[in-house]
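Beneath this line is the structure, given in structure tokens, with notes to follow.
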Amino acid sequence: RQQKWKSSVSMQAKMPPCDFVPEKYESYPYERMQKIREQNIAPSLRTYYRKPLLLHQGHMQWLFDHEGRRYLDLFAGIVTVSVGHCHPKVTMATQKQLARLWHTTNIYMYPAIHEYAEKLTSLFPDPLKVVYLTNSGSEANDLAMFMARVHTRNFDIISLRGGYHGGSPYTLGLTSLTPYKHGVANGFGCTTTMLPDVFRGPWGGSHCRDSPVQTVRKCSCTEGACLAKDQYIEQFKDTLNTSVPKTVAGFIAEPIQGVNGAVQYPRNFLKEAYQLIRERGGLCISDEVQTGFGRTGSHFWGFQTHGVVPDIVTLAKGIGNGFPMAAVVTTKEIASSLAQNLHFNTFGGNPLACVVGAAVLDAIEEDGLQKTSEDVGTYMLLELAKLRDEFEIVGDVRGKGLMIGVEMVTDKDSRCPLPAEEVSQIWEDCKDMGVLIGRGGLYSQTFRIKPPMCITKRDVDFAVEVFRSALQKHVDRAA
């Protein structure tokens with residue numbers, strides 16, 4: 001069966017070679033794993049694909065399943081494996097620390113937390129020099145909300161529709177995607193405002209966003225004057241004038257929306273939005289859970305691509321290359337607001353986590369991964385744009401660096417989302433040919449491509465060829 005799979009792949013697109021040989025799979029049979037999943041694991045943890053993958057081992061940009069099949073991982077554990085699966089530098093640093101000290105409490109001093117805090121904050125502009133270490137992105141955003149409210153003594157926080165900021169009861173008020181909403185009271189003091197989406201929104205077009213690929217929609221903007229940005233700012237002002245008190249606690253936005261499918265705003269939108277929030281006494285929070293650590297290529301942090309300096313920055317996912325850790329970075333003044341009372345996190349800044357975090361920063365620098373994100377990401381965006389020009393169902397290709405979205409439509413004129421079952425078939429075909437990609441968007445219509453940042457142009461050629469093949473199969477089926 002494996003041989004048959006390999007031959008069908010080679011007919012369509014040749015997978016780049018990989019010297020790594022995975023260990024033999026020796027755990028439970030697939031059927032038993034499925035049974036445990038059904039009986040003992042929370043049903044809210046859904047699996048991808050009709051026949052869920054049973055993954056066994058990872059090496060850099062590659063994953064191996066229980067039968068030894070190799071896959072090019074273009075989703076990186078939901079934008080989390082930043083430097084590559086089981087990166088040798090990170091693995092070695094972790095093993096060394098495992099033998100030295102797993103955990104003590106952060107009320108004591110130990111080298112790892114101090115070394116890491118200095119290393120991480122050195123990558124931020126002044127005055128963002130104080131870090132709180134936590135365990136997850138939801139927890140980081142939770143703390144950022146709390147901090148903004150304690151510091152400003154205001155309560156209301158504004159977020160953009162389509163944003164994802166976590167699944168905890170507190171952050172669900174900021175998260176603005178129906179599939180994550182449960183029918184329980186949440187979101188008190190949270191207000192959403194119109195998403196400045198230049199592809200799907202009412203305004204925007206071919207000059208608006210900071211990406212090598214613009215939308216196919218024409219726009220009436222001129223050089224240096226984005227009319228779409230002005231319109232979306234008017235909507236933002238309308239929210240401020242009607243839906244919240246005269247003073248607010250803050251505004252949170254991802255530099256590029258992740259779960260919603262790499263949605264980008266018009267240039268200078270965030271800059272003007274930040275100014276409006278600060279005029280009302282609020283703090284500006286940049287959710288860098290997906291865009292941080294060089295993923296956008298041109299800059300280390302997503303907020304830098306917008307020419308702004310936030311008051312609070314939240315980090316997770318790529319921070320630990322898969323290790324559960326996260327952080328909130330802010331100013332000394334804002335951080336001191338929480339010092340009026342106790343604020344404590346048992347595992348935040350754990351010695352093991354800090355060593356992992358430091359090793360990830362070293363790997364990004366030594367392997368030149370920000371540059372890879374820029375070069376390989378731009379190459380991939382331009383190659384995917386060719387598919388957009390070739391296929392009517394590829395409505396939009398967007399992103400920056402290795403933060404990429406491909407939005408599927410029934411046709412480019414209507415921009416009507418391609419039905420989820422049709423998107424699923426293309427997605428399944430890509431998986432069967434050895435490429436794993438994510439899904440996102442309001443209608444699950446957007447493919448999310450956010451691979452480990454060690455990916456190569458050769459990998460991109462393979463992935464694009466597989467994607468083209470899957471699109472062609474869809475066209476043939478429809479015919």
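Identifiers in this document derive from the order of the structure tokens: chains are assigned A, B, ..., residues are numbered from 1 separately in each chain, and ligands are numbered from 1 in order of occurrence.
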Quick one: everything within 9 Å of Tyr132 in chain A, counting only C-alpha atoms, minus sequence neighbours fewer than 2 positions away in the same chain. Send it as number ranges by chain. A: 117, 130, 134, 140, 143, 326-330, 335, 348-349
C-alpha atoms of the current selection, written as a PDB file, in the first residue's frame:
ATOM      1  CA  ALA A 117      14.115  37.820  29.913  1.00  0.00           C
ATOM      2  CA  VAL A 130       9.334  44.051  30.916  1.00  0.00           C
ATOM      3  CA  THR A 134       2.842  32.431  30.883  1.00  0.00           C
ATOM      4  CA  ALA A 140      -1.182  35.825  27.568  1.00  0.00           C
ATOM      5  CA  LEU A 143      -3.378  38.820  31.180  1.00  0.00           C
ATOM      6  CA  ALA A 326       3.869  32.308  26.113  1.00  0.00           C
ATOM      7  CA  ALA A 327       4.657  35.861  27.205  1.00  0.00           C
ATOM      8  CA  VAL A 328       3.316  39.362  27.678  1.00  0.00           C
ATOM      9  CA  VAL A 329       5.804  42.184  27.036  1.00  0.00           C
ATOM     10  CA  THR A 330       5.005  45.695  28.190  1.00  0.00           C
ATOM     11  CA  ALA A 335       3.698  46.295  34.530  1.00  0.00           C
ATOM     12  CA  GLY A 348       5.326  30.902  33.824  1.00  0.00           C
ATOM     13  CA  GLY A 349       9.077  31.279  33.426  1.00  0.00           C
TER      14      GLY A 349
END
Would you mind listing what lies within 7 Å of Ser206 in chain A as a PDB file with N, CA and C atoms, in the first residue's frame, with only C-alpha atoms counted and same-chain residues fewer than 2 positions away left out?
ATOM      1  N   CYS A 208      -3.698  48.332  -1.669  1.00  0.00           N
ATOM      2  CA  CYS A 208      -3.908  48.656  -0.247  1.00  0.00           C
ATOM      3  C   CYS A 208      -2.988  47.976   0.749  1.00  0.00           C
ATOM      4  N   GLN A 214      -1.249  41.658  -4.397  1.00  0.00           N
ATOM      5  CA  GLN A 214      -2.416  42.478  -4.084  1.00  0.00           C
ATOM      6  C   GLN A 214      -3.694  41.776  -4.555  1.00  0.00           C
ATOM      7  N   THR A 215      -4.852  42.303  -4.177  1.00  0.00           N
ATOM      8  CA  THR A 215      -6.102  41.680  -4.596  1.00  0.00           C
ATOM      9  C   THR A 215      -6.348  41.939  -6.082  1.00  0.00           C
ATOM     10  N   VAL A 216      -7.218  41.111  -6.655  1.00  0.00           N
ATOM     11  CA  VAL A 216      -7.588  41.317  -8.066  1.00  0.00           C
ATOM     12  C   VAL A 216      -8.649  42.413  -8.184  1.00  0.00           C
ATOM     13  N   ARG A 217      -9.232  42.816  -7.047  1.00  0.00           N
ATOM     14  CA  ARG A 217     -10.201  43.926  -7.071  1.00  0.00           C
ATOM     15  C   ARG A 217      -9.477  45.214  -7.431  1.00  0.00           C
ATOM     16  N   LYS A 218     -10.056  45.980  -8.312  1.00  0.00           N
ATOM     17  CA  LYS A 218      -9.453  47.285  -8.631  1.00  0.00           C
ATOM     18  C   LYS A 218      -9.787  48.264  -7.509  1.00  0.00           C
ATOM     19  N   CYS A 219      -8.937  49.246  -7.305  1.00  0.00           N
ATOM     20  CA  CYS A 219      -9.284  50.244  -6.294  1.00  0.00           C
ATOM     21  C   CYS A 219      -8.941  51.642  -6.786  1.00  0.00           C
TER      22      CYS A 219
END
Using only C-alpha atoms, which residues sit within 12 Å of Asp287 in chain A once same-chain residues fewer than 2 positions away are excluded, as a VMD selection string? chain A and resid 137 to 145 159 to 160 163 to 166 171 174 to 175 251 to 258 284 to 285 289 to 292 301 to 303 310 to 317 326 to 329
Same residues, C-alpha atoms, saved as a PDB file, in the first residue's frame:
ATOM      1  CA  GLY A 137      -1.588  32.460  23.991  1.00  0.00           C
ATOM      2  CA  SER A 138      -5.056  32.547  25.549  1.00  0.00           C
ATOM      3  CA  GLU A 139      -3.434  33.076  28.941  1.00  0.00           C
ATOM      4  CA  ALA A 140      -1.182  35.825  27.568  1.00  0.00           C
ATOM      5  CA  ASN A 141      -4.145  37.696  26.031  1.00  0.00           C
ATOM      6  CA  ASP A 142      -6.156  37.143  29.202  1.00  0.00           C
ATOM      7  CA  LEU A 143      -3.378  38.820  31.180  1.00  0.00           C
ATOM      8  CA  ALA A 144      -3.044  41.643  28.627  1.00  0.00           C
ATOM      9  CA  MET A 145      -6.766  42.428  28.956  1.00  0.00           C
ATOM     10  CA  SER A 159     -11.258  44.003  18.872  1.00  0.00           C
ATOM     11  CA  LEU A 160     -11.649  43.442  15.130  1.00  0.00           C
ATOM     12  CA  GLY A 163      -9.987  38.108  15.126  1.00  0.00           C
ATOM     13  CA  TYR A 164      -8.953  35.125  17.223  1.00  0.00           C
ATOM     14  CA  HIS A 165      -7.429  35.937  20.619  1.00  0.00           C
ATOM     15  CA  GLY A 166      -8.016  32.748  22.574  1.00  0.00           C
ATOM     16  CA  THR A 171     -10.622  36.074  25.787  1.00  0.00           C
ATOM     17  CA  LEU A 174     -12.383  39.381  22.018  1.00  0.00           C
ATOM     18  CA  THR A 175     -12.455  36.367  19.691  1.00  0.00           C
ATOM     19  CA  PHE A 251      -7.727  47.865  21.551  1.00  0.00           C
ATOM     20  CA  ILE A 252      -6.311  44.496  20.500  1.00  0.00           C
ATOM     21  CA  ALA A 253      -5.450  43.372  16.955  1.00  0.00           C
ATOM     22  CA  GLU A 254      -3.265  40.796  15.244  1.00  0.00           C
ATOM     23  CA  PRO A 255      -0.845  42.466  12.770  1.00  0.00           C
ATOM     24  CA  ILE A 256      -2.172  39.912  10.241  1.00  0.00           C
ATOM     25  CA  GLN A 257      -5.222  37.883  11.259  1.00  0.00           C
ATOM     26  CA  GLY A 258      -4.313  34.220  11.638  1.00  0.00           C
ATOM     27  CA  CYS A 284      -2.855  49.300  22.290  1.00  0.00           C
ATOM     28  CA  ILE A 285      -2.258  45.530  22.375  1.00  0.00           C
ATOM     29  CA  VAL A 289       0.925  34.886  18.784  1.00  0.00           C
ATOM     30  CA  GLN A 290       1.151  33.962  15.092  1.00  0.00           C
ATOM     31  CA  THR A 291       3.051  36.862  13.477  1.00  0.00           C
ATOM     32  CA  GLY A 292       6.015  37.129  15.853  1.00  0.00           C
ATOM     33  CA  TRP A 301       7.577  41.517  15.060  1.00  0.00           C
ATOM     34  CA  GLY A 302       4.383  42.010  13.076  1.00  0.00           C
ATOM     35  CA  PHE A 303       3.654  45.398  14.654  1.00  0.00           C
ATOM     36  CA  PRO A 310       2.133  49.002  21.028  1.00  0.00           C
ATOM     37  CA  ASP A 311       1.773  49.355  24.808  1.00  0.00           C
ATOM     38  CA  ILE A 312       1.441  45.598  25.319  1.00  0.00           C
ATOM     39  CA  VAL A 313       2.563  42.700  23.108  1.00  0.00           C
ATOM     40  CA  THR A 314       1.424  39.093  23.522  1.00  0.00           C
ATOM     41  CA  LEU A 315       3.509  36.146  22.315  1.00  0.00           C
ATOM     42  CA  ALA A 316       2.991  32.379  22.134  1.00  0.00           C
ATOM     43  CA  LYS A 317       3.073  29.533  19.573  1.00  0.00           C
ATOM     44  CA  ALA A 326       3.869  32.308  26.113  1.00  0.00           C
ATOM     45  CA  ALA A 327       4.657  35.861  27.205  1.00  0.00           C
ATOM     46  CA  VAL A 328       3.316  39.362  27.678  1.00  0.00           C
ATOM     47  CA  VAL A 329       5.804  42.184  27.036  1.00  0.00           C
TER      48      VAL A 329
END
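Each of A:Asp210, A:Gly281, A:Val90, A:Tyr116 was compared to Phe155 in chain A using only C-alpha atoms, and A:Gly281 turns out to be the nearest.
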Might you pull out every residue within 9 Å of Gly297 in chain A, with only C-alpha atoms counted and same-chain residues fewer than 6 positions away left off, and present them as a PyMOL selection string? chain A and resi 369-375+377-378+400-402
DSSP says strand (DSSP E) for which residues of range 163-378 of chain A? Put them as a ChimeraX atom specification? /A:190-193,250-253,283-287,312-315,326-330
Find the spatial neighbours of Val423 in chain A, counting only C-alpha atoms, within a cut-off of 10 Å - ignore same-chain residues fewer than 3 positions away - and output them as a PyMOL selection string. chain A and resi 393+407-409+417-420+426-428+439+444-447+471+474
I need the residues from that last selection saved to file as an mmCIF file, in the first residue's frame (with N, CA and C atoms), if you can.
data_model
loop_
_atom_site.group_PDB
_atom_site.id
_atom_site.type_symbol
_atom_site.label_atom_id
_atom_site.label_comp_id
_atom_site.auth_asym_id
_atom_site.auth_seq_id
_atom_site.Cartn_x
_atom_site.Cartn_y
_atom_site.Cartn_z
ATOM 1 N N ILE A 393 -11.414 29.552 -9.176
ATOM 2 C CA ILE A 393 -11.824 29.318 -7.776
ATOM 3 C C ILE A 393 -10.803 29.844 -6.760
ATOM 4 N N GLU A 407 -7.549 32.229 -0.441
ATOM 5 C CA GLU A 407 -8.998 32.200 -0.248
ATOM 6 C C GLU A 407 -9.697 31.643 -1.480
ATOM 7 N N MET A 408 -10.542 30.632 -1.237
ATOM 8 C CA MET A 408 -11.230 29.930 -2.315
ATOM 9 C C MET A 408 -12.646 30.498 -2.508
ATOM 10 N N VAL A 409 -13.026 30.700 -3.768
ATOM 11 C CA VAL A 409 -14.325 31.308 -4.092
ATOM 12 C C VAL A 409 -15.013 30.505 -5.204
ATOM 13 N N PRO A 417 -17.825 32.493 -1.089
ATOM 14 C CA PRO A 417 -16.919 31.434 -0.625
ATOM 15 C C PRO A 417 -17.206 30.094 -1.302
ATOM 16 N N LEU A 418 -16.161 29.393 -1.688
ATOM 17 C CA LEU A 418 -16.320 28.039 -2.225
ATOM 18 C C LEU A 418 -16.903 27.172 -1.112
ATOM 19 N N PRO A 419 -17.950 26.369 -1.382
ATOM 20 C CA PRO A 419 -18.552 25.553 -0.318
ATOM 21 C C PRO A 419 -17.515 24.700 0.418
ATOM 22 N N ALA A 420 -17.714 24.576 1.729
ATOM 23 C CA ALA A 420 -16.728 23.905 2.599
ATOM 24 C C ALA A 420 -16.408 22.489 2.128
ATOM 25 N N ILE A 426 -10.259 19.395 -1.965
ATOM 26 C CA ILE A 426 -8.943 19.886 -2.427
ATOM 27 C C ILE A 426 -7.907 19.642 -1.326
ATOM 28 N N TRP A 427 -8.307 19.953 -0.120
ATOM 29 C CA TRP A 427 -7.453 19.805 1.079
ATOM 30 C C TRP A 427 -7.052 18.345 1.283
ATOM 31 N N GLU A 428 -8.031 17.434 1.152
ATOM 32 C CA GLU A 428 -7.762 15.991 1.282
ATOM 33 C C GLU A 428 -6.796 15.529 0.191
ATOM 34 N N ARG A 439 -6.652 25.257 7.569
ATOM 35 C CA ARG A 439 -7.899 25.856 7.093
ATOM 36 C C ARG A 439 -8.252 27.030 7.990
ATOM 37 N N SER A 444 -14.570 28.709 6.559
ATOM 38 C CA SER A 444 -13.571 27.649 6.372
ATOM 39 C C SER A 444 -13.143 27.565 4.903
ATOM 40 N N GLN A 445 -13.117 28.732 4.243
ATOM 41 C CA GLN A 445 -12.861 28.793 2.798
ATOM 42 C C GLN A 445 -11.415 29.147 2.460
ATOM 43 N N THR A 446 -10.597 29.399 3.482
ATOM 44 C CA THR A 446 -9.235 29.871 3.214
ATOM 45 C C THR A 446 -8.200 28.838 3.659
ATOM 46 N N PHE A 447 -7.285 28.530 2.757
ATOM 47 C CA PHE A 447 -6.163 27.657 3.130
ATOM 48 C C PHE A 447 -5.116 28.499 3.849
ATOM 49 N N LEU A 471 -6.133 21.346 -7.428
ATOM 50 C CA LEU A 471 -7.076 22.294 -8.034
ATOM 51 C C LEU A 471 -7.577 21.760 -9.378
ATOM 52 N N HIS A 474 -10.117 19.158 -8.947
ATOM 53 C CA HIS A 474 -11.420 19.749 -8.599
ATOM 54 C C HIS A 474 -12.130 20.250 -9.846
#
CA of Ser211 in chain A to CA of Trp62 in chain A, straight-line distance in Å: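 Between these atoms lies a distance of 27.0 Å.
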